[in-house]
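J.: Next comes protein_33.csv, CSV, C-alpha atoms and all ligand atoms:
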chain,number,residue,atom,x,y,z
A,270,MET,CA,18.0,6.7,9.4
A,271,SER,CA,16.1,4.3,7.2
A,272,THR,CA,12.4,4.0,8.1
A,273,PRO,CA,11.5,0.5,9.3
A,274,ILE,CA,8.4,-0.7,7.4
A,275,ALA,CA,6.2,-3.8,7.2
A,276,VAL,CA,4.9,-4.6,3.8
A,277,PHE,CA,1.5,-6.4,3.5
A,278,ALA,CA,0.7,-8.5,0.4
A,279,SER,CA,-1.7,-11.1,-0.7
A,280,GLY,CA,-0.7,-12.0,-4.2
A,281,ARG,CA,2.0,-11.8,-6.9
A,282,GLY,CA,4.1,-9.3,-5.0
A,283,SER,CA,5.4,-7.2,-8.0
A,284,ASN,CA,5.1,-4.0,-6.0
A,285,PHE,CA,6.9,-5.6,-3.0
A,286,GLN,CA,9.7,-6.6,-5.4
A,287,ALA,CA,9.9,-3.1,-6.8
A,288,LEU,CA,10.2,-1.7,-3.3
A,289,LEU,CA,12.9,-4.2,-2.5
A,290,ARG,CA,14.8,-3.3,-5.6
A,291,ALA,CA,14.5,0.5,-4.9
A,292,ILE,CA,15.9,-0.1,-1.4
A,293,GLN,CA,18.7,-2.3,-2.7
A,294,MET,CA,19.6,0.4,-5.3
A,295,LYS,CA,19.5,3.0,-2.5
A,296,LEU,CA,16.7,4.9,-4.2
A,297,LEU,CA,14.4,4.4,-1.2
A,298,ASP,CA,15.7,4.9,2.4
A,299,ALA,CA,13.6,2.2,4.1
A,300,GLU,CA,14.2,-1.2,5.7
A,301,ILE,CA,11.6,-3.9,5.2
A,302,ARG,CA,11.5,-5.6,8.6
A,303,VAL,CA,8.8,-8.1,7.7
A,304,LEU,CA,6.4,-9.2,5.0
A,305,LEU,CA,2.9,-9.9,6.4
A,306,VAL,CA,0.5,-12.0,4.3
A,307,ASP,CA,-3.0,-13.2,4.9
A,308,ARG,CA,-2.7,-16.2,2.6
A,309,GLU,CA,-0.3,-18.4,0.7
A,310,CYS,CA,1.0,-16.2,-2.2
A,311,ALA,CA,3.9,-15.6,-4.5
A,312,ALA,CA,5.1,-12.7,-2.4
A,313,ILE,CA,6.3,-15.1,0.3
A,314,GLN,CA,9.0,-16.6,-2.0
A,315,ILE,CA,10.2,-13.1,-2.9
A,316,ALA,CA,10.7,-12.3,0.8
A,317,GLN,CA,12.4,-15.6,1.5
A,318,ASP,CA,14.8,-15.1,-1.4
A,319,ALA,CA,15.7,-11.7,0.1
A,320,GLY,CA,16.0,-13.0,3.7
A,321,ILE,CA,13.0,-11.0,4.9
A,322,PRO,CA,10.9,-12.6,7.7
A,323,VAL,CA,7.4,-13.5,6.8
A,324,GLU,CA,4.4,-13.5,9.1
A,325,LYS,CA,1.1,-15.1,8.0
A,326,VAL,CA,-2.2,-14.0,9.6
A,327,SER,CA,-5.4,-15.3,8.1
A,328,PHE,CA,-8.8,-13.6,8.5
A,329,PRO,CA,-10.9,-15.7,10.9
A,330,GLU,CA,-13.0,-18.1,8.8
A,331,TRP,CA,-16.0,-17.7,11.2
A,332,GLY,CA,-16.0,-14.0,10.5
A,333,LYS,CA,-16.5,-14.3,6.8
A,334,SER,CA,-20.1,-15.6,6.8
A,335,SER,CA,-23.0,-13.1,7.0
A,336,GLU,CA,-24.8,-15.7,9.2
A,337,PHE,CA,-22.7,-14.4,12.1
A,338,GLY,CA,-24.0,-10.8,11.7
A,339,ASP,CA,-22.1,-8.5,14.1
A,340,ARG,CA,-19.5,-11.1,14.4
A,341,GLY,CA,-17.9,-9.6,11.3
A,342,VAL,CA,-16.8,-6.7,13.5
A,343,GLU,CA,-15.5,-9.1,16.1
A,344,ALA,CA,-13.6,-11.0,13.4
A,345,GLN,CA,-12.0,-7.8,12.1
A,346,THR,CA,-10.9,-6.9,15.7
A,347,LYS,CA,-9.4,-10.4,16.2
A,348,PHE,CA,-7.6,-10.1,12.8
A,349,ASP,CA,-6.2,-6.6,13.7
A,350,GLU,CA,-5.0,-7.9,17.1
A,351,ALA,CA,-3.4,-11.0,15.5
A,352,ILE,CA,-1.6,-8.7,13.0
A,353,LEU,CA,-0.4,-6.4,15.9
A,354,ARG,CA,1.0,-9.4,17.7
A,355,ALA,CA,2.8,-10.7,14.6
A,356,LEU,CA,4.3,-7.2,13.9
A,357,SER,CA,5.4,-6.5,17.4
A,358,PRO,CA,8.8,-8.2,17.3
A,359,HIS,CA,9.7,-6.3,14.1
A,360,TYR,CA,8.9,-2.7,15.3
A,361,PRO,CA,7.8,-1.2,11.9
A,362,LYS,CA,7.0,2.5,11.9
A,363,PHE,CA,4.9,2.3,8.8
A,364,ILE,CA,2.7,-0.3,7.1
A,365,VAL,CA,3.1,-0.3,3.3
A,366,LEU,CA,0.2,-2.1,1.6
A,367,ALA,CA,1.2,-3.8,-1.7
A,368,GLY,CA,-1.8,-5.7,-3.0
A,369,PHE,CA,-3.2,-6.7,0.4
A,370,LYS,CA,-6.7,-7.9,-0.1
A,371,ARG,CA,-8.1,-7.3,3.4
A,372,ARG,CA,-9.4,-4.2,5.1
A,373,LEU,CA,-7.6,-3.0,8.2
A,374,GLY,CA,-9.8,-2.2,11.2
A,375,PRO,CA,-9.7,0.6,13.8
A,376,THR,CA,-7.7,-1.5,16.3
A,377,LEU,CA,-4.8,-1.8,13.9
A,378,LEU,CA,-5.0,1.7,12.4
A,379,HIS,CA,-5.0,3.3,15.9
A,380,ALA,CA,-1.8,1.5,16.7
A,381,PHE,CA,-0.2,3.4,13.8
A,382,LYS,CA,-1.7,6.8,14.5
A,383,SER,CA,0.8,9.7,14.2
A,384,ASP,CA,0.6,12.7,16.5
A,385,ARG,CA,-0.8,14.6,13.5
A,386,SER,CA,-3.7,12.2,13.4
A,387,TYR,CA,-3.1,10.4,10.1
A,388,TYR,CA,-2.3,6.8,10.2
A,389,ARG,CA,1.2,5.6,9.2
A,390,VAL,CA,-0.3,3.2,6.6
A,391,VAL,CA,0.2,3.8,2.9
A,392,ASN,CA,-1.4,2.0,-0.1
A,393,ILE,CA,-1.1,1.9,-3.9
A,394,HIS,CA,-4.4,1.7,-5.8
A,395,PRO,CA,-4.7,0.8,-9.5
A,396,SER,CA,-6.9,3.7,-10.5
A,397,LEU,CA,-7.2,7.5,-10.4
A,398,LEU,CA,-9.1,7.6,-7.1
A,399,PRO,CA,-11.9,8.3,-6.4
A,400,ALA,CA,-12.7,6.4,-9.6
A,401,PHE,CA,-13.0,2.6,-9.3
A,402,PRO,CA,-12.3,1.9,-5.6
A,403,GLY,CA,-12.3,-1.7,-4.4
A,404,LEU,CA,-11.0,-4.7,-6.3
A,405,ASP,CA,-10.2,-5.3,-10.0
A,406,SER,CA,-9.9,-1.6,-10.9
A,407,TYR,CA,-7.9,-2.0,-14.1
A,408,GLU,CA,-10.5,-4.4,-15.3
A,409,LYS,CA,-13.3,-2.0,-14.4
A,410,ALA,CA,-11.6,0.8,-16.2
A,411,PHE,CA,-11.1,-1.4,-19.3
A,412,GLN,CA,-14.7,-2.7,-19.3
A,413,PHE,CA,-16.0,0.9,-18.9
A,414,GLY,CA,-14.1,1.9,-22.0
A,415,CYS,CA,-11.9,4.5,-20.3
A,416,LYS,CA,-9.2,6.1,-22.4
A,417,VAL,CA,-7.2,7.0,-19.4
A,418,THR,CA,-6.8,5.3,-16.0
A,419,GLY,CA,-4.0,5.6,-13.5
A,420,ALA,CA,-2.4,4.8,-10.2
A,421,THR,CA,-2.8,6.5,-6.8
A,422,VAL,CA,-0.6,6.4,-3.7
A,423,HIS,CA,-2.6,7.4,-0.6
A,424,LEU,CA,-2.7,7.3,3.1
A,425,ILE,CA,-5.2,4.9,4.6
A,426,ASP,CA,-8.2,6.1,6.6
A,427,GLU,CA,-11.2,4.1,7.9
A,428,GLY,CA,-12.9,4.0,4.4
A,429,LEU,CA,-12.4,1.9,1.4
A,430,ASP,CA,-9.7,3.6,-0.7
A,431,THR,CA,-10.8,7.0,0.6
A,432,GLY,CA,-7.6,8.3,2.4
A,433,PRO,CA,-5.7,11.5,1.5
A,434,ILE,CA,-4.0,11.3,-1.9
A,435,CYS,CA,-0.2,11.6,-1.9
A,436,ALA,CA,0.5,11.0,-5.6
A,437,GLN,CA,-1.2,10.1,-8.8
A,438,GLN,CA,-0.2,9.3,-12.3
A,439,ALA,CA,-2.4,9.0,-15.3
A,440,ILE,CA,-2.0,6.1,-17.8
A,441,GLU,CA,-3.3,6.2,-21.4
A,442,ILE,CA,-5.2,2.9,-22.2
A,443,GLY,CA,-7.3,3.8,-25.2
A,444,ASP,CA,-5.2,1.6,-27.4
A,445,CYS,CA,-5.1,-1.4,-25.0
A,446,LEU,CA,-6.8,-4.5,-26.4
A,447,SER,CA,-7.2,-6.5,-23.2
A,448,VAL,CA,-7.2,-6.2,-19.4
A,449,GLU,CA,-3.8,-7.8,-19.4
A,450,ASP,CA,-2.5,-4.9,-21.6
A,451,VAL,CA,-3.9,-2.4,-19.2
A,452,GLU,CA,-2.5,-4.2,-16.2
A,453,LYS,CA,0.9,-4.5,-17.7
A,454,ARG,CA,1.1,-0.8,-18.5
A,455,GLY,CA,-0.4,0.1,-15.0
A,456,LEU,CA,2.1,-2.0,-13.1
A,457,ALA,CA,5.1,-0.5,-14.9
A,458,VAL,CA,3.9,2.9,-13.6
A,459,GLU,CA,3.1,1.6,-10.1
A,460,HIS,CA,6.6,0.2,-9.7
A,461,LYS,CA,8.1,3.6,-10.1
A,462,LEU,CA,5.4,5.7,-8.5
A,463,TYR,CA,5.3,3.7,-5.3
A,464,PRO,CA,9.0,3.9,-4.3
A,465,GLU,CA,9.4,7.5,-5.4
A,466,THR,CA,6.3,8.6,-3.4
A,467,LEU,CA,7.3,6.6,-0.3
A,468,GLY,CA,10.7,8.4,-0.5
A,469,TRP,CA,9.1,11.5,0.9
A,470,VAL,CA,6.0,10.1,2.6
A,471,LEU,CA,8.1,7.9,5.0
A,472,THR,CA,10.1,10.9,6.1
A,473,GLU,CA,6.8,12.5,7.2
A,474,HIS,CA,8.1,15.8,5.9
A,475,PHE,CA,4.7,16.6,4.5
A,476,ASP,CA,1.8,18.9,5.4
A,477,LEU,CA,-1.7,17.5,5.6
A,478,GLU,CA,-4.5,19.9,5.7
A,479,LYS,CA,-8.1,19.3,4.6
A,480,ARG,CA,-7.1,16.0,2.9
A,481,ARG,CA,-4.3,17.8,1.0
A,482,VAL,CA,-0.9,16.2,1.3
A,483,SER,CA,2.0,18.3,0.1
A,484,LEU,CA,5.7,18.4,0.6
A,485,ALA,CA,6.8,20.5,3.6
A,486,SER,CA,9.3,23.2,2.9
A,487,GLY,CA,12.8,22.0,3.8
A,488,ALA,CA,12.1,18.6,2.3
A,489,LEU,CA,14.1,19.3,-0.8
A,490,PRO,CA,16.5,16.4,-0.7
A,491,GLU,CA,13.5,14.0,-1.0
A,492,VAL,CA,12.3,15.9,-4.0
A,493,TRP,CA,15.7,15.6,-5.6
A,494,ARG,CA,15.5,11.8,-5.2
A,495,TRP,CA,12.6,11.8,-7.7
A,496,CYS,CA,15.0,12.8,-10.4
A,497,VAL,CA,16.6,9.4,-10.2
A,498,PHE,CA,13.5,7.6,-11.4
A,499,PRO,CA,13.3,7.8,-15.2
A,500,ARG,CA,9.9,8.7,-16.6
A,601,LIG,C1,-1.5,-3.7,-7.8
A,601,LIG,O1,-2.2,-3.4,-9.0
A,601,LIG,C2,-1.8,-2.7,-6.7
A,601,LIG,O2,-2.0,-1.4,-7.2
A,601,LIG,C3,-3.1,-3.2,-6.1
A,601,LIG,O3,-3.0,-4.6,-6.1
A,601,LIG,C4,-2.1,-5.0,-7.1
A,601,LIG,C5,-1.0,-5.8,-6.5
A,601,LIG,O4,-0.1,-6.3,-7.5
A,601,LIG,N1,-3.3,-2.7,-4.8
A,601,LIG,P1,1.3,-7.0,-7.0
A,601,LIG,O5,0.9,-8.1,-6.0
A,601,LIG,O6,2.1,-5.9,-6.3
A,601,LIG,O7,1.9,-7.5,-8.2
Take the structure I supplied and represent it as structure tokens, if you would.

T.:
Amino acid sequence: MSTPIAVFASGRGSNFQALLRAIQMKLLDAEIRVLLVDRECAAIQIAQDAGIPVEKVSFPEWGKSSEFGDRGVEAQTKFDEAILRALSPHYPKFIVLAGFKRRLGPTLLHAFKSDRSYYRVVNIHPSLLPAFPGLDSYEKAFQFGCKVTGATVHLIDEGLDTGPICAQQAIEIGDCLSVEDVEKRGLAVEHKLYPETLGWVLTEHFDLEKRRVSLASGALPEVWRWCVFPR
């Protein structure tokens, strides 16, 4: 049975589009029940063109100012609760983050906790974590003069880009002349790495021990699916 998922995005939506395409081509056995956004963004149009419902939940304005002190926590909880309300009619089993520019708080994460204690929330990050967590990671790698950067698919935990790593791919950028070059090369990798990794993560046929995520024995059909993605 296809895994019902909610995709979260805040921007261009190229990873969202890549996931849609992989599903349409039957390379990924998932059903995108809803796109959740926190702002107006290009991803909305992609969802509408594909007939996927869109829910918009903005982070409370009053929670953004440091003047409010502890109210930041209160704002995060309100945001989490509003997301849960928006998701409830769609019954997603997993949240798949695709360029979502807001943190998820404990209230939301706990609603997606599996009985093996990880959260059913997956992200793609544009670096070889733990290098360059946070925003603008391709730019940071380029400015730092890195010869190699990469992309990481990981489970979400309470930290910023600190969750257990499912898959990584290195990307040579030594000959890139601009951030745009790096990003173009990076996104081409992300668009394959994300659907192929979700192919086995969403089945939950993996072992997770001391942060190590590995395919469980008996998950061979999912491994076979990787062969379909050209490298
Ligand atoms: C990607 O680089 C992704 O790794 C990061 O945010 C960017 C989103 O791009 N989390 P897009 O909106 O999917 O085009």

J.: Produce as JSON, numbers by chain the set of residues near ligand LIG 601 (chain A), where near means within 9 Å with only C-alpha atoms and all ligand atoms considered.

T.: {"A": [278, 279, 280, 281, 282, 283, 284, 285, 286, 287, 310, 311, 312, 366, 367, 368, 369, 370, 392, 393, 394, 395, 396, 404, 405, 406, 407, 420, 421, 422, 452, 455, 456, 459, 460]}

J.: Find the residue from A:Leu398, A:Val390, A:Val470, A:Leu305 that sits nearest to Cys435 in chain A; use all atoms listed in the file when measuring.

T.: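 With all atoms listed in the file as the atom set, the closest residue is A:Val470.
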
J.: Find, counting all atoms listed in the file, the residue in A:Ala436, A:Leu378, A:Cys445, A:Leu477 that gets nearest to Pro464 in chain A.

T.: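 Checking each of A:Ala436, A:Leu378, A:Cys445, A:Leu477 against Pro464 in chain A, counting all atoms listed in the file, the winner is A:Ala436.
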
J.: Just the number, please: distance in Å from CA of Arg480 in chain A to CA of Arg371 in chain A, one decimal.

T.: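 Going from CA of Arg480 in chain A over to CA of Arg371 in chain A covers 23.3 Å.
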
J.: Identify which of the residues A:Lys333, A:Ile313, A:Gln438, A:His423 lies closest to Tyr387 in chain A, counting all atoms listed in the file when measuring atom-to-atom distances.

T.: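 For Tyr387 in chain A, the nearest of the given residues is A:His423.
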
J.: As an exercise, work out the distance from CA of Arg302 in chain A to CA of Pro375 in chain A in Å and give it to one decimal place.

T.: 22.7 Å

J.: Between CA of Asp349 in chain A and CA of Gly374 in chain A, measure the distance and give it in Å to one decimal.

T.: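 Computing it gives 6.2 Å between the two atoms.
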
J.: Give me range 289-312 of chain A with N, CA, C and O atoms filled in, as a short mmCIF file (atom, residue, chain, number, x, y, z; two decimals), keeping the file's coordinate frame.

T.:
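Listing of rebuild_20.cif after writing:
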data_model
loop_
_atom_site.label_atom_id
_atom_site.label_comp_id
_atom_site.auth_asym_id
_atom_site.auth_seq_id
_atom_site.Cartn_x
_atom_site.Cartn_y
_atom_site.Cartn_z
N LEU A 289 11.65 -3.57 -2.86
CA LEU A 289 12.90 -4.20 -2.50
C LEU A 289 14.06 -3.70 -3.37
O LEU A 289 15.14 -3.36 -2.91
N ARG A 290 13.77 -3.67 -4.68
CA ARG A 290 14.80 -3.30 -5.60
C ARG A 290 15.18 -1.81 -5.41
O ARG A 290 16.36 -1.46 -5.41
N ALA A 291 14.21 -0.96 -5.16
CA ALA A 291 14.50 0.50 -4.90
C ALA A 291 15.37 0.64 -3.67
O ALA A 291 16.27 1.48 -3.63
N ILE A 292 15.09 -0.19 -2.65
CA ILE A 292 15.90 -0.10 -1.40
C ILE A 292 17.31 -0.60 -1.70
O ILE A 292 18.29 0.04 -1.31
N GLN A 293 17.40 -1.72 -2.42
CA GLN A 293 18.70 -2.30 -2.70
C GLN A 293 19.55 -1.27 -3.55
O GLN A 293 20.76 -1.14 -3.39
N MET A 294 18.87 -0.53 -4.45
CA MET A 294 19.60 0.40 -5.30
C MET A 294 19.75 1.79 -4.58
O MET A 294 20.18 2.76 -5.19
N LYS A 295 19.37 1.83 -3.33
CA LYS A 295 19.50 3.00 -2.50
C LYS A 295 18.68 4.22 -3.06
O LYS A 295 19.05 5.38 -2.89
N LEU A 296 17.58 3.88 -3.72
CA LEU A 296 16.70 4.90 -4.20
C LEU A 296 15.58 5.18 -3.17
O LEU A 296 14.86 6.18 -3.26
N LEU A 297 15.44 4.27 -2.23
CA LEU A 297 14.40 4.40 -1.20
C LEU A 297 15.10 4.10 0.15
O LEU A 297 15.67 3.01 0.31
N ASP A 298 14.99 5.04 1.08
CA ASP A 298 15.70 4.90 2.40
C ASP A 298 14.71 4.23 3.37
O ASP A 298 14.10 4.91 4.20
N ALA A 299 14.52 2.92 3.22
CA ALA A 299 13.60 2.20 4.10
C ALA A 299 14.20 0.81 4.36
O ALA A 299 15.03 0.33 3.59
N GLU A 300 13.72 0.21 5.45
CA GLU A 300 14.20 -1.20 5.70
C GLU A 300 12.91 -2.02 5.90
O GLU A 300 12.07 -1.73 6.77
N ILE A 301 12.76 -3.02 5.06
CA ILE A 301 11.60 -3.90 5.20
C ILE A 301 11.87 -4.91 6.28
O ILE A 301 12.66 -5.84 6.11
N ARG A 302 11.22 -4.70 7.41
CA ARG A 302 11.50 -5.60 8.60
C ARG A 302 10.75 -6.88 8.46
O ARG A 302 11.17 -7.88 9.00
N VAL A 303 9.58 -6.84 7.78
CA VAL A 303 8.80 -8.10 7.70
C VAL A 303 7.79 -7.96 6.54
O VAL A 303 7.35 -6.86 6.19
N LEU A 304 7.49 -9.11 5.96
CA LEU A 304 6.40 -9.20 5.00
C LEU A 304 5.23 -9.87 5.73
O LEU A 304 5.42 -10.96 6.29
N LEU A 305 4.07 -9.24 5.74
CA LEU A 305 2.90 -9.90 6.40
C LEU A 305 1.93 -10.26 5.26
O LEU A 305 1.61 -9.44 4.40
N VAL A 306 1.51 -11.52 5.27
CA VAL A 306 0.50 -12.00 4.30
C VAL A 306 -0.67 -12.57 5.01
O VAL A 306 -0.57 -12.96 6.17
N ASP A 307 -1.81 -12.60 4.30
CA ASP A 307 -3.00 -13.20 4.90
C ASP A 307 -3.34 -14.52 4.28
O ASP A 307 -4.37 -15.11 4.58
N ARG A 308 -2.50 -14.97 3.34
CA ARG A 308 -2.70 -16.20 2.60
C ARG A 308 -1.45 -16.69 1.97
O ARG A 308 -0.50 -15.91 1.86
N GLU A 309 -1.44 -17.93 1.47
CA GLU A 309 -0.30 -18.40 0.70
C GLU A 309 -0.26 -17.55 -0.60
O GLU A 309 -1.30 -17.36 -1.24
N CYS A 310 0.89 -17.05 -0.97
CA CYS A 310 1.00 -16.20 -2.20
C CYS A 310 2.41 -16.12 -2.65
O CYS A 310 3.35 -16.43 -1.91
N ALA A 311 2.57 -15.66 -3.88
CA ALA A 311 3.90 -15.60 -4.50
C ALA A 311 4.84 -14.64 -3.77
O ALA A 311 6.06 -14.82 -3.80
N ALA A 312 4.29 -13.64 -3.13
CA ALA A 312 5.10 -12.70 -2.40
C ALA A 312 6.02 -13.31 -1.37
O ALA A 312 7.13 -12.83 -1.09
#
